[in-house]
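*Asks:* I'm passing along final18.txt; it holds compact mmCIF, C-alpha atoms and all ligand atoms.
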# COMPACT_ATOMS: atom_id res chain seq x y z
CA MET A 170 16.25 4.09 16.42
CA LYS A 171 14.01 6.92 15.27
CA LEU A 172 12.77 6.85 11.72
CA LEU A 173 11.08 9.53 9.68
CA SER A 174 9.10 8.04 6.81
CA ILE A 175 7.46 9.47 3.71
CA GLU A 176 4.88 7.97 1.35
CA THR A 177 3.70 9.62 -1.90
CA SER A 178 3.28 6.72 -4.36
CA CYS A 179 -0.37 7.29 -5.19
CA ASP A 180 -3.12 9.48 -3.75
CA GLU A 181 -2.11 9.61 -0.08
CA THR A 182 0.53 12.00 1.20
CA ALA A 183 1.87 10.68 4.50
CA VAL A 184 4.70 11.44 6.89
CA SER A 185 5.33 9.54 10.10
CA VAL A 186 7.87 9.24 12.88
CA LEU A 187 8.50 5.84 14.47
CA ASN A 188 10.65 4.58 17.26
CA ALA A 189 11.87 1.12 16.27
CA GLU A 190 13.70 -1.40 18.41
CA GLY A 191 14.75 -5.02 18.40
CA ALA A 192 16.12 -7.59 15.98
CA ALA A 193 14.30 -8.63 12.80
CA ASP A 194 12.65 -11.61 14.53
CA SER A 195 11.23 -9.51 17.35
CA SER A 196 10.97 -5.86 16.39
CA ARG A 197 8.81 -3.30 18.15
CA PHE A 198 7.47 -0.02 16.86
CA ARG A 199 5.98 2.98 18.60
CA ILE A 200 4.25 5.65 16.53
CA LEU A 201 5.55 9.04 17.67
CA GLY A 202 3.96 11.10 14.91
CA ASN A 203 1.64 10.35 12.03
CA ALA A 204 0.26 12.90 9.56
CA LEU A 205 -1.69 11.87 6.49
CA LEU A 206 -3.75 13.61 3.83
CA SER A 207 -5.88 11.64 1.41
CA GLN A 208 -6.55 13.12 -2.02
CA ILE A 209 -9.52 10.87 -2.73
CA ASP A 210 -12.00 13.74 -2.76
CA ILE A 211 -9.89 15.58 -5.33
CA HIS A 212 -9.50 12.60 -7.67
CA ARG A 213 -13.10 11.42 -7.36
CA GLU A 214 -14.14 13.99 -9.96
CA TYR A 215 -11.87 12.28 -12.51
CA GLY A 216 -13.05 8.78 -11.59
CA GLY A 217 -9.47 7.77 -10.78
CA VAL A 218 -6.09 9.11 -9.73
CA PHE A 219 -4.84 11.84 -12.04
CA PRO A 220 -1.00 11.71 -11.80
CA ALA A 221 -0.20 15.41 -12.44
CA LEU A 222 -2.73 16.45 -9.84
CA ALA A 223 -1.46 13.86 -7.35
CA LYS A 224 2.07 15.21 -7.77
CA ARG A 225 0.94 18.81 -7.23
CA GLU A 226 -0.98 17.89 -4.08
CA HIS A 227 1.98 15.96 -2.65
CA ALA A 228 4.24 18.96 -3.31
CA LYS A 229 1.80 21.25 -1.54
CA ASN A 230 1.22 18.99 1.48
CA LEU A 231 4.62 17.52 2.30
CA VAL A 232 6.04 20.41 4.35
CA PRO A 233 2.88 20.95 6.46
CA LEU A 234 2.67 17.18 7.11
CA LEU A 235 6.35 17.01 8.04
CA HIS A 236 5.82 19.90 10.44
CA GLU A 237 2.82 18.14 11.97
CA ALA A 238 4.50 14.73 12.32
CA LEU A 239 7.63 16.21 13.91
CA THR A 240 5.52 18.34 16.25
CA GLN A 241 3.52 15.30 17.37
CA ALA A 242 6.79 13.47 18.00
CA ALA A 243 8.13 16.50 19.95
CA LEU A 244 11.14 16.49 17.64
CA LEU A 245 10.69 19.87 16.02
CA THR A 246 13.51 22.19 17.01
CA THR A 247 13.80 25.88 16.30
CA SER A 248 16.74 27.49 14.57
CA GLU A 249 17.45 30.89 13.22
CA ALA A 250 20.45 29.96 11.16
CA ALA A 251 20.23 30.91 7.51
CA LEU A 252 20.93 28.19 4.98
CA SER A 253 24.45 28.22 3.55
CA GLU A 254 24.92 29.15 -0.09
CA ALA A 255 25.97 25.54 -0.84
CA ASP A 256 22.80 24.15 0.79
CA ARG A 257 20.64 26.61 -1.15
CA GLU A 258 22.23 25.45 -4.37
CA LYS A 259 21.70 21.78 -3.51
CA LEU A 260 18.06 22.46 -2.73
CA SER A 261 17.36 24.42 -5.90
CA GLU A 262 19.00 21.71 -7.96
CA LEU A 263 16.93 18.96 -6.36
CA LEU A 264 13.63 20.81 -6.48
CA VAL A 265 14.12 22.70 -9.72
CA ARG A 266 10.73 21.46 -10.99
CA GLU A 267 8.91 22.13 -7.70
CA PRO A 268 9.21 25.87 -7.01
CA GLU A 269 6.40 25.83 -4.45
CA LEU A 270 7.93 22.95 -2.49
CA LEU A 271 11.38 24.56 -2.75
CA ALA A 272 10.07 27.79 -1.20
CA ALA A 273 8.17 25.99 1.57
CA LEU A 274 11.11 23.74 2.38
CA THR A 275 13.61 26.62 2.40
CA SER A 276 11.47 28.51 4.94
CA PHE A 277 11.09 25.32 6.97
CA PHE A 278 14.87 24.75 7.09
CA GLU A 279 15.40 28.35 8.17
CA ALA A 280 12.94 28.04 11.04
CA SER A 281 13.82 24.56 12.31
CA GLY A 282 17.01 22.70 12.98
CA SER A 283 17.95 19.10 12.33
CA PRO A 284 15.70 16.75 14.35
CA ALA A 285 17.00 13.78 16.37
CA ILE A 286 16.17 11.25 13.66
CA ASP A 287 18.42 8.35 12.69
CA ALA A 288 17.16 7.64 9.18
CA ILE A 289 14.71 8.95 6.60
CA CYS A 290 12.71 6.25 4.79
CA VAL A 291 10.90 7.04 1.56
CA THR A 292 8.83 5.05 -0.92
CA HIS A 293 10.74 5.01 -4.20
CA GLY A 294 8.42 2.62 -6.05
CA PRO A 295 6.27 1.11 -7.36
CA GLY A 296 3.58 3.69 -8.04
CA LEU A 297 2.93 6.78 -10.14
CA ALA A 298 6.35 8.06 -11.20
CA PRO A 299 5.61 11.82 -10.92
CA ALA A 300 4.10 11.29 -7.46
CA LEU A 301 7.02 9.13 -6.32
CA TRP A 302 9.61 11.66 -7.52
CA VAL A 303 8.19 14.42 -5.31
CA GLY A 304 8.56 12.24 -2.21
CA VAL A 305 12.00 10.97 -3.20
CA ASN A 306 13.39 14.45 -3.93
CA PHE A 307 11.86 15.76 -0.72
CA ALA A 308 13.53 12.96 1.27
CA ARG A 309 16.86 13.53 -0.52
CA ALA A 310 16.65 17.24 0.35
CA LEU A 311 16.02 16.46 4.04
CA SER A 312 18.85 13.93 4.02
CA LEU A 313 21.38 16.25 2.40
CA ILE A 314 20.57 19.34 4.45
CA TRP A 315 20.21 17.56 7.79
CA ASN A 316 22.93 15.02 7.15
CA ILE A 317 20.70 12.05 8.03
CA PRO A 318 20.94 8.84 5.97
CA VAL A 319 18.13 7.96 3.58
CA ILE A 320 16.58 4.55 2.82
CA GLY A 321 14.59 3.89 -0.36
CA VAL A 322 11.68 1.55 0.44
CA ASN A 323 9.56 -0.62 -1.84
CA HIS A 324 5.87 0.21 -1.25
CA MET A 325 4.85 -3.47 -1.50
CA GLU A 326 7.46 -4.43 1.09
CA GLY A 327 5.77 -1.87 3.34
CA HIS A 328 2.38 -3.51 2.79
CA LEU A 329 3.85 -6.97 3.44
CA LEU A 330 5.83 -6.25 6.60
CA SER A 331 3.20 -3.98 8.18
CA ALA A 332 0.60 -6.72 7.67
CA LEU A 333 2.66 -9.01 9.91
CA VAL A 334 2.57 -6.52 12.76
CA GLN A 335 0.34 -7.07 15.79
CA LYS A 336 -0.80 -4.43 18.26
CA GLU A 337 0.27 -4.85 21.87
CA GLU A 338 -0.97 -2.00 24.03
CA GLU A 339 0.78 1.12 22.75
CA GLU A 340 3.23 -0.75 20.56
CA PHE A 341 3.18 -2.56 17.26
CA VAL A 342 5.11 -5.79 17.48
CA LEU A 343 6.48 -7.90 14.67
CA SER A 344 7.48 -11.19 16.22
CA GLU A 345 6.90 -14.94 16.26
CA VAL A 346 6.76 -15.13 12.50
CA GLN A 347 7.26 -18.66 11.21
CA LYS A 348 9.03 -18.66 7.87
CA PRO A 349 8.65 -19.14 5.00
CA VAL A 350 5.96 -16.45 4.78
CA LEU A 351 3.62 -16.41 1.84
CA ALA A 352 2.17 -13.00 1.01
CA LEU A 353 -0.87 -12.30 -1.13
CA LEU A 354 -0.38 -8.67 -2.11
CA ILE A 355 -3.51 -7.14 -3.59
CA SER A 356 -3.80 -3.45 -4.38
CA GLY A 357 -4.85 -1.03 -7.10
CA GLY A 358 -1.68 -1.64 -9.08
CA HIS A 359 -0.56 -5.08 -7.95
CA THR A 360 -1.74 -8.62 -7.52
CA GLU A 361 0.99 -11.06 -6.64
CA ILE A 362 1.84 -14.03 -4.49
CA VAL A 363 5.30 -13.68 -3.02
CA CYS A 364 7.23 -16.10 -0.84
CA MET A 365 9.50 -14.54 1.79
CA LYS A 366 12.01 -17.24 2.73
CA ASP A 367 13.90 -14.92 5.04
CA TRP A 368 13.66 -11.23 5.91
CA LEU A 369 13.89 -9.10 2.74
CA SER A 370 14.41 -12.16 0.54
CA TYR A 371 11.57 -12.77 -1.89
CA GLU A 372 10.53 -15.15 -4.62
CA LEU A 373 7.66 -14.44 -6.96
CA VAL A 374 5.19 -17.33 -6.95
CA GLY A 375 2.54 -15.80 -9.19
CA HIS A 376 1.24 -12.48 -10.45
CA THR A 377 -1.53 -11.04 -12.55
CA ARG A 378 -1.04 -11.21 -16.28
CA ASP A 379 -3.33 -8.22 -16.85
CA ASP A 380 -5.42 -6.19 -14.38
CA ALA A 381 -4.74 -5.94 -10.65
CA VAL A 382 -7.64 -6.97 -8.37
CA GLY A 383 -8.12 -3.40 -7.11
CA GLU A 384 -8.19 -2.18 -10.70
CA ALA A 385 -10.91 -4.76 -11.54
CA TYR A 386 -12.89 -3.58 -8.51
CA ASP A 387 -12.52 0.05 -9.56
CA LYS A 388 -13.53 -0.70 -13.17
CA VAL A 389 -16.58 -2.73 -12.16
CA ALA A 390 -17.56 0.10 -9.80
CA ARG A 391 -17.33 2.56 -12.69
CA MET A 392 -19.56 0.30 -14.83
CA LEU A 393 -22.10 0.37 -12.01
CA GLU A 394 -21.69 4.17 -11.82
CA LEU A 395 -20.32 4.01 -8.29
CA PRO A 396 -17.82 6.65 -7.10
CA TYR A 397 -14.03 6.21 -6.97
CA PRO A 398 -12.38 4.33 -5.29
CA GLY A 399 -14.73 1.55 -6.24
CA GLY A 400 -13.52 -1.28 -4.01
CA PRO A 401 -15.37 -0.28 -0.85
CA GLU A 402 -18.50 0.62 -2.90
CA VAL A 403 -18.71 -2.76 -4.64
CA SER A 404 -18.07 -4.41 -1.29
CA ARG A 405 -20.94 -2.49 0.30
CA LEU A 406 -23.41 -3.65 -2.41
CA ALA A 407 -22.19 -7.24 -2.16
CA GLU A 408 -22.53 -7.26 1.65
CA GLU A 409 -26.11 -5.97 1.28
CA ALA A 410 -26.84 -8.85 -1.12
CA ARG A 411 -25.45 -11.33 1.42
CA GLU A 412 -27.49 -9.84 4.26
CA GLN A 413 -30.65 -9.84 2.18
CA GLY A 414 -30.04 -13.28 0.64
CA ILE A 415 -30.12 -11.90 -2.90
CA ALA A 416 -29.03 -14.38 -5.57
CA SER A 417 -26.80 -13.37 -8.46
CA PRO A 418 -28.47 -12.78 -11.84
CA VAL A 419 -25.41 -14.30 -13.57
CA VAL A 420 -22.57 -16.79 -13.10
CA LEU A 421 -19.25 -15.05 -13.75
CA PRO A 422 -16.04 -16.82 -14.82
CA ARG A 423 -13.25 -17.70 -12.38
CA PRO A 424 -10.32 -17.04 -14.75
CA MET A 425 -7.37 -19.47 -14.64
CA ILE A 426 -8.74 -21.12 -11.48
CA ASN A 427 -7.94 -24.66 -12.65
CA ASP A 428 -4.58 -23.88 -14.27
CA THR A 429 -1.63 -25.38 -12.45
CA HIS A 430 0.32 -22.09 -12.23
CA GLU A 431 -0.27 -19.37 -9.65
CA ASP A 432 -0.75 -16.48 -12.06
CA PHE A 433 -3.98 -14.49 -12.20
CA SER A 434 -6.07 -12.79 -14.87
CA PHE A 435 -8.85 -10.40 -13.99
CA SER A 436 -9.53 -8.64 -17.28
CA GLY A 437 -11.83 -11.45 -18.51
CA LEU A 438 -13.86 -11.24 -15.32
CA LYS A 439 -14.23 -7.49 -15.72
CA THR A 440 -15.24 -7.95 -19.39
CA ALA A 441 -17.83 -10.57 -18.40
CA VAL A 442 -19.40 -7.98 -16.09
CA LEU A 443 -19.36 -5.44 -18.92
CA TYR A 444 -21.07 -7.84 -21.39
CA PHE A 445 -23.68 -8.75 -18.82
CA LEU A 446 -24.42 -5.06 -18.16
CA LYS A 447 -24.64 -4.33 -21.91
CA ALA A 448 -27.18 -7.12 -22.32
CA HIS A 449 -29.18 -6.02 -19.26
CA LEU A 450 -29.49 -2.26 -19.43
CA GLU A 451 -32.30 -1.94 -16.92
CA LEU A 452 -30.75 -3.68 -13.93
CA SER A 453 -32.75 -3.38 -10.72
CA GLU A 454 -30.99 -2.36 -7.50
CA SER A 455 -31.28 -5.85 -6.16
CA GLU A 456 -29.81 -7.33 -9.36
CA GLN A 457 -26.91 -4.87 -9.05
CA ARG A 458 -26.26 -6.07 -5.52
CA GLY A 459 -26.43 -9.70 -6.69
CA LEU A 460 -23.97 -8.93 -9.47
CA ALA A 461 -21.56 -7.22 -7.03
CA LYS A 462 -21.74 -10.29 -4.78
CA GLU A 463 -21.04 -12.67 -7.68
CA PHE A 464 -18.07 -10.52 -8.75
CA GLU A 465 -16.69 -10.63 -5.20
CA ASP A 466 -17.25 -14.39 -4.97
CA ALA A 467 -15.41 -14.93 -8.26
CA VAL A 468 -12.47 -12.79 -7.07
CA ALA A 469 -12.28 -14.52 -3.68
CA ASP A 470 -12.55 -18.01 -5.26
CA VAL A 471 -9.63 -17.33 -7.58
CA LEU A 472 -7.49 -15.61 -4.94
CA TYR A 473 -8.08 -18.35 -2.40
CA THR A 474 -7.61 -21.31 -4.75
CA LYS A 475 -4.30 -19.98 -6.08
CA THR A 476 -3.04 -19.01 -2.63
CA SER A 477 -4.02 -22.37 -1.17
CA ARG A 478 -2.05 -24.15 -3.89
CA ALA A 479 0.92 -21.82 -3.35
CA LEU A 480 0.89 -22.70 0.37
CA LEU A 481 1.23 -26.38 -0.47
CA LYS A 482 3.94 -25.72 -3.06
CA THR A 483 6.09 -23.51 -0.85
CA GLY A 484 5.42 -25.16 2.52
CA ALA A 485 4.84 -21.68 3.96
CA LEU A 486 3.90 -21.57 7.64
CA THR A 487 2.56 -18.02 7.69
CA LEU A 488 0.17 -16.41 5.24
CA VAL A 489 -0.17 -12.66 5.15
CA LEU A 490 -2.60 -10.49 3.18
CA GLY A 491 -1.46 -7.00 2.22
CA GLY A 492 -2.41 -4.00 0.06
CA GLY A 493 -5.57 -1.89 -0.22
CA VAL A 494 -7.84 -4.75 -1.32
CA SER A 495 -6.94 -6.77 1.79
CA ALA A 496 -9.38 -4.45 3.60
CA ASN A 497 -12.17 -6.28 1.78
CA THR A 498 -14.63 -7.92 4.19
CA ASN A 499 -15.41 -10.89 1.96
CA ILE A 500 -11.77 -11.68 1.21
CA GLN A 501 -10.92 -11.52 4.92
CA ARG A 502 -13.88 -13.75 5.78
CA VAL A 503 -13.16 -16.35 3.07
CA PHE A 504 -9.47 -16.56 3.97
CA THR A 505 -10.11 -16.74 7.71
CA GLU A 506 -12.62 -19.58 7.33
CA LYS A 507 -10.84 -21.57 4.65
CA ILE A 508 -7.30 -21.34 5.97
CA ALA A 509 -8.48 -22.64 9.36
CA GLN A 510 -10.23 -25.51 7.59
CA ASP A 511 -7.75 -26.44 4.82
CA HIS A 512 -4.41 -25.33 6.31
CA PRO A 513 -4.67 -25.52 10.11
CA GLU A 514 -0.84 -25.49 10.36
CA VAL A 515 -0.65 -22.06 8.69
CA GLU A 516 -0.99 -18.85 10.69
CA LEU A 517 -2.97 -16.19 8.85
CA ARG A 518 -2.12 -12.54 9.51
CA ILE A 519 -4.43 -9.83 8.25
CA PRO A 520 -3.36 -6.19 8.52
CA ALA A 521 -5.05 -3.84 10.97
CA PRO A 522 -7.37 -1.41 9.12
CA MET A 523 -4.86 1.44 9.53
CA PHE A 524 -2.30 -0.60 7.56
CA THR A 525 -4.51 -1.67 4.66
CA THR A 526 -4.71 1.78 3.07
CA ASP A 527 -1.51 3.52 2.04
CA ASN A 528 0.38 5.10 4.94
CA ALA A 529 3.88 6.13 5.95
CA ILE A 530 4.09 3.91 9.03
CA MET A 531 4.48 0.82 6.84
CA ILE A 532 7.33 2.57 5.01
CA GLY A 533 9.08 3.21 8.33
CA ILE A 534 8.61 -0.45 9.32
CA ALA A 535 10.09 -1.73 6.04
CA GLY A 536 12.81 0.93 6.29
CA TYR A 537 13.78 -0.40 9.72
CA TYR A 538 14.33 -3.89 8.28
CA ARG A 539 16.56 -2.33 5.62
CA ALA A 540 18.45 -0.34 8.29
CA LEU A 541 19.04 -3.56 10.27
CA GLU A 542 20.80 -4.93 7.18
CA ASN A 543 22.65 -1.65 6.55
CA LEU A 544 20.81 -1.23 3.26
CA TYR A 545 21.03 2.56 3.13
CA SER A 546 20.61 4.44 -0.13
CA ASP A 547 22.79 7.16 -1.61
CA ALA A 548 20.99 10.49 -1.23
CA ASP A 549 22.78 11.83 -4.31
CA THR A 550 21.48 9.12 -6.60
CA LEU A 551 18.29 7.67 -5.04
CA ALA A 552 15.71 7.55 -7.83
CA ALA A 553 11.99 6.87 -8.08
CA ASP A 554 11.01 3.81 -10.11
CA GLY A 555 7.33 3.43 -10.98
CA ASN A 556 7.85 -0.26 -11.80
CA LEU A 557 10.11 -1.18 -8.89
CA SER A 558 9.67 -4.87 -8.16
CA LEU A 559 10.13 -6.90 -4.98
CA VAL A 560 11.88 -9.79 -6.69
O1 LIG B 1 -2.82 -0.28 -1.62
P1 LIG B 1 -3.76 0.77 -2.11
O2 LIG B 1 -4.33 1.75 -1.11
O3 LIG B 1 -3.10 1.62 -3.24
C1 LIG B 1 -2.24 1.02 -4.16
O4 LIG B 1 -1.08 0.84 -3.77
O5 LIG B 1 -2.75 0.68 -5.25
O6 LIG B 1 -4.96 0.03 -2.85
C2 LIG B 1 -6.01 0.75 -3.44
C3 LIG B 1 -7.00 -0.22 -4.04
C4 LIG B 1 -8.10 0.46 -4.86
O7 LIG B 1 -8.22 -0.23 -6.08
C5 LIG B 1 -9.35 0.29 -3.99
O8 LIG B 1 -10.54 0.22 -4.74
C6 LIG B 1 -9.04 -1.03 -3.31
O9 LIG B 1 -7.67 -0.95 -2.99
N1 LIG B 1 -9.82 -1.20 -2.07
C7 LIG B 1 -10.75 -2.18 -1.89
C8 LIG B 1 -11.29 -1.99 -0.60
N2 LIG B 1 -10.68 -0.91 -0.04
C9 LIG B 1 -9.78 -0.45 -0.96
N3 LIG B 1 -11.14 -3.17 -2.71
C10 LIG B 1 -12.08 -4.01 -2.25
N4 LIG B 1 -12.67 -3.87 -1.04
C11 LIG B 1 -12.32 -2.90 -0.18
N5 LIG B 1 -12.88 -2.79 1.01
ZN ZN B 2 -0.61 0.46 -1.56
Could you rewrite the structure in this file as C-alpha cells?
Ligand code: KG4
Ligand code: ZN

*Replies:*
Amino acid sequence: MKLLSIETSCDETAVSVLNAEGAADSSRFRILGNALLSQIDIHREYGGVFPALAKREHAKNLVPLLHEALTQAALLTTSEAALSEADREKLSELLVREPELLAALTSFFEASGSPAIDAICVTHGPGLAPALWVGVNFARALSLIWNIPVIGVNHMEGHLLSALVQKEEEEFVLSEVQKPVLALLISGGHTEIVCMKDWLSYELVGHTRDDAVGEAYDKVARMLELPYPGGPEVSRLAEEAREQGIASPVVLPRPMINDTHEDFSFSGLKTAVLYFLKAHLELSESEQRGLAKEFEDAVADVLYTKTSRALLKTGALTLVLGGGVSANTNIQRVFTEKIAQDHPEVELRIPAPMFTTDNAIMIGIAGYYRALENLYSDADTLAADGNLSLV
C-alpha cells in the first residue's frame, strides 16, 4: 500500500510517501518521496525550540513539502475542479486558526486532484501540542477532502519501529526480529525503556523521573555556551577529549545506577555539571572537553547498566536504540561493545542516521503496522496529545 506521512511534533516539518508491503514479521518499504525542512536555524537564536514559532513554520511549510513529496513520488495529479461549498466549510472549520495554511491548502486542492494514496499517517503525539495540532489538522483536512483514511501515529513508536529497519539495496526491510524486543528510547523529551512483546504491544520497563537525556545534553551544552541543539556539540567536545587522551577534571555522579529499578534521573547529573562550572569559572578548553567526556561517560554508564539489567529481566532477544540521542557516537560505541560482550544472545539494532533525527518516514512505517491491524483513526475526531504515551 501507499502511505503519505506527516511529522510536525517538534522542530522538523516532514512529509513522505512510502510504498509498504508484507506482513508485520517481514515488511518492506520503498521511499517514493521525502521532503523535510528543519527549523534548527530559526530556533537556535532562542537556545531551544519556541513552540509558537515552530507551529507557524509548520503551517507555512506543510503545503510546499506535500507538493514536493507527491511530485517526487509522481503522484501529483492536476485538477481544475473547484472545491464544493461543503468542502470549503469543512476546511475553514478545521483550519480556523491557520488562515495562511487554509489559503495555501485551498489553492492546492483546486490545482491537484486526489492522489493514489491508501492512507495518511500523522504524528499525533507526544511533542509540542501547538506544533502537533497543525500536522493533525492538516492530515484531517487531506483525509476529509480526498476521502482517504487517516492513521494517528505515536512519534516514539515511529522511532522504535524505524530503528529496527535495515537497508537492502533500494528498500528498507523490517524482518527477522526476535521478540521480545527491548527498546531504549532516548530523545529531547523522552527517556524510557520499553518492552515490545509483540507488534504494537508495549510494556514500560523504566523511564526518567525528571529530565530526558537529550534535555540534559542540551542544558549542559547551554552551560558550556554551545549552540542549540547541544547534543552533537557536547559529543564533538567529548570525542576530541577521547582522541587527545584528555582526562576529566571531575568525577560526575551516575544517578540511580545501583538502584534495582530501571528508572532514570538526569537532573542531578546536570546540576553536578552546573556546580562544577560555578566553582571553576575559568575552565580551559581542554578542561571543557574533559568535562564533556565525563558527562557522556556518566550518561552512557547509566543507560547501559539499566538497559543491561532490563535485558535480563525481560529475556528480550533484540535490543533497539531509538530517538535523537541514539545518534550519539559514544552511546552507539558503548552499546555495541558491551552488548556483544555481556549479552551475546541479544541482537542490537541501531537506527540508520536518517532515522535518528525526526522524520516522516518513521511515521509511515509505524502507520503501516497500524494499518495492518486495521487501527485507523476517525478523521472527524483525531486529536493531538502532547503527552501521548506508548503504554
Ligand atoms: O528525537 P529528537 O530529534 O526530537 C525529539 O523527539 O525530542 O531528539 C532531539 C534530541 C536533542 O536533545 C538533541 O540534542 C539530541 O537529540 N541529539 C543528540 C545527538 N544528536 C541529537 N544528543 C547526543 N548526541 C548526539 N549526537
Ligand atoms: Zn523524536

*Asks:* How would you report the residues lying within 8 Å of ligand ZN 2 (chain B), as a list in words, if you count all atoms listed in the file?

*Replies:*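 Final answer, ordered by chain and number: Ser178, Cys179, His324, Met325, His328, Ser356, Gly357, Gly358, Gly492, Gly493, Thr525, Thr526 and Asp527 of chain A.
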
*Asks:* Could you build a table of the residues in chain A lying no more than 9 Å from ligand LIG 1 (chain B), giving for each the nearest pair of atoms and their separation in Å rounded to one decimal place, using all atoms listed in the file, ordered by chain and ascending residue number, as JSON lines?

*Replies:*
{"residue": "A:Ser178", "atom": "CA", "partner": "B:LIG1", "partner_atom": "O4", "distance": 7.3}
{"residue": "A:Cys179", "atom": "CA", "partner": "B:LIG1", "partner_atom": "O3", "distance": 6.6}
{"residue": "A:Asp180", "atom": "CA", "partner": "B:LIG1", "partner_atom": "O3", "distance": 7.9}
{"residue": "A:Glu181", "atom": "CA", "partner": "B:LIG1", "partner_atom": "O2", "distance": 8.2}
{"residue": "A:Pro295", "atom": "CA", "partner": "B:LIG1", "partner_atom": "O4", "distance": 8.2}
{"residue": "A:Gly296", "atom": "CA", "partner": "B:LIG1", "partner_atom": "O4", "distance": 6.9}
{"residue": "A:His324", "atom": "CA", "partner": "B:LIG1", "partner_atom": "O4", "distance": 7.4}
{"residue": "A:Met325", "atom": "CA", "partner": "B:LIG1", "partner_atom": "O4", "distance": 7.7}
{"residue": "A:His328", "atom": "CA", "partner": "B:LIG1", "partner_atom": "O1", "distance": 7.5}
{"residue": "A:Leu354", "atom": "CA", "partner": "B:LIG1", "partner_atom": "O1", "distance": 8.8}
{"residue": "A:Ile355", "atom": "CA", "partner": "B:LIG1", "partner_atom": "O1", "distance": 7.2}
{"residue": "A:Ser356", "atom": "CA", "partner": "B:LIG1", "partner_atom": "O6", "distance": 4.0}
{"residue": "A:Gly357", "atom": "CA", "partner": "B:LIG1", "partner_atom": "O5", "distance": 3.3}
{"residue": "A:Gly358", "atom": "CA", "partner": "B:LIG1", "partner_atom": "O5", "distance": 4.6}
{"residue": "A:His359", "atom": "CA", "partner": "B:LIG1", "partner_atom": "O5", "distance": 6.7}
{"residue": "A:Ala381", "atom": "CA", "partner": "B:LIG1", "partner_atom": "O7", "distance": 8.1}
{"residue": "A:Val382", "atom": "CA", "partner": "B:LIG1", "partner_atom": "O7", "distance": 7.1}
{"residue": "A:Gly383", "atom": "CA", "partner": "B:LIG1", "partner_atom": "O7", "distance": 3.3}
{"residue": "A:Glu384", "atom": "CA", "partner": "B:LIG1", "partner_atom": "O7", "distance": 5.0}
{"residue": "A:Ala385", "atom": "CA", "partner": "B:LIG1", "partner_atom": "O7", "distance": 7.6}
{"residue": "A:Tyr386", "atom": "CA", "partner": "B:LIG1", "partner_atom": "O8", "distance": 5.8}
{"residue": "A:Asp387", "atom": "CA", "partner": "B:LIG1", "partner_atom": "O8", "distance": 5.2}
{"residue": "A:Lys388", "atom": "CA", "partner": "B:LIG1", "partner_atom": "O7", "distance": 8.9}
{"residue": "A:Ala390", "atom": "CA", "partner": "B:LIG1", "partner_atom": "O8", "distance": 8.7}
{"residue": "A:Tyr397", "atom": "CA", "partner": "B:LIG1", "partner_atom": "O8", "distance": 7.3}
{"residue": "A:Pro398", "atom": "CA", "partner": "B:LIG1", "partner_atom": "O8", "distance": 4.5}
{"residue": "A:Gly399", "atom": "CA", "partner": "B:LIG1", "partner_atom": "O8", "distance": 4.6}
{"residue": "A:Gly400", "atom": "CA", "partner": "B:LIG1", "partner_atom": "N3", "distance": 3.3}
{"residue": "A:Pro401", "atom": "CA", "partner": "B:LIG1", "partner_atom": "N5", "distance": 4.0}
{"residue": "A:Glu402", "atom": "CA", "partner": "B:LIG1", "partner_atom": "N4", "distance": 7.6}
{"residue": "A:Val403", "atom": "CA", "partner": "B:LIG1", "partner_atom": "N4", "distance": 7.1}
{"residue": "A:Ser404", "atom": "CA", "partner": "B:LIG1", "partner_atom": "N4", "distance": 5.4}
{"residue": "A:Arg405", "atom": "CA", "partner": "B:LIG1", "partner_atom": "N5", "distance": 8.1}
{"residue": "A:Glu465", "atom": "CA", "partner": "B:LIG1", "partner_atom": "C10", "distance": 8.6}
{"residue": "A:Gly491", "atom": "CA", "partner": "B:LIG1", "partner_atom": "O1", "distance": 7.9}
{"residue": "A:Gly492", "atom": "CA", "partner": "B:LIG1", "partner_atom": "O1", "distance": 4.1}
{"residue": "A:Gly493", "atom": "CA", "partner": "B:LIG1", "partner_atom": "O6", "distance": 3.3}
{"residue": "A:Val494", "atom": "CA", "partner": "B:LIG1", "partner_atom": "N3", "distance": 3.9}
{"residue": "A:Ser495", "atom": "CA", "partner": "B:LIG1", "partner_atom": "C8", "distance": 6.9}
{"residue": "A:Ala496", "atom": "CA", "partner": "B:LIG1", "partner_atom": "N5", "distance": 4.7}
{"residue": "A:Asn497", "atom": "CA", "partner": "B:LIG1", "partner_atom": "N5", "distance": 3.6}
{"residue": "A:Thr498", "atom": "CA", "partner": "B:LIG1", "partner_atom": "N5", "distance": 6.3}
{"residue": "A:Asn499", "atom": "CA", "partner": "B:LIG1", "partner_atom": "N4", "distance": 8.1}
{"residue": "A:Ile500", "atom": "CA", "partner": "B:LIG1", "partner_atom": "N4", "distance": 8.2}
{"residue": "A:Thr525", "atom": "CA", "partner": "B:LIG1", "partner_atom": "O1", "distance": 6.7}
{"residue": "A:Thr526", "atom": "CA", "partner": "B:LIG1", "partner_atom": "O2", "distance": 4.2}
{"residue": "A:Asp527", "atom": "CA", "partner": "B:LIG1", "partner_atom": "O2", "distance": 4.6}
{"residue": "A:Asn528", "atom": "CA", "partner": "B:LIG1", "partner_atom": "O2", "distance": 8.4}

*Asks:* Tell me which protein, DNA and RNA residues are within 8 Å of Arg309 in chain A, counting only C-alpha atoms, leaving out same-chain ones fewer than 2 positions away, and put them as a list in words.

*Replies:*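 Returned residues: Leu263, Val305, Asn306, Phe307, Leu311, Ser312, Leu313, Val319, Ala548, Asp549 and Leu551 of chain A.
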
*Asks:* So how far away is CA of Phe341 in chain A from CA of Leu245 in chain A, in Å?

*Replies:*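 Atom-to-atom, CA of Leu245 in chain A and CA of Phe341 in chain A are spaced 23.7 Å apart.
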
*Asks:* Counting only C-alpha atoms, figure out which residue out of A:Glu431, A:Asp379, A:Glu451, A:Glu340 gets nearest to Tyr473 in chain A.

*Replies:*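 With only C-alpha atoms as the atom set, the closest residue is A:Glu431.
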
*Asks:* If you measure from CA of Val186 in chain A to CA of Lys224 in chain A, what distance in Å do you get, rounded to one decimal?

*Replies:*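 Between these atoms lies a distance of 22.3 Å.
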
*Asks:* Output, as lines of an AutoDock Vina configuration file, the centre and edge lengths in Å (one decimal) of the axis-aligned box that contains all listed atoms of range 226-233 of chain A with 3 Å of margin on each side.

*Replies:*
center_x = 2.5
center_y = 18.6
center_z = 1.2
size_x = 13.0
size_y = 11.3
size_z = 16.5
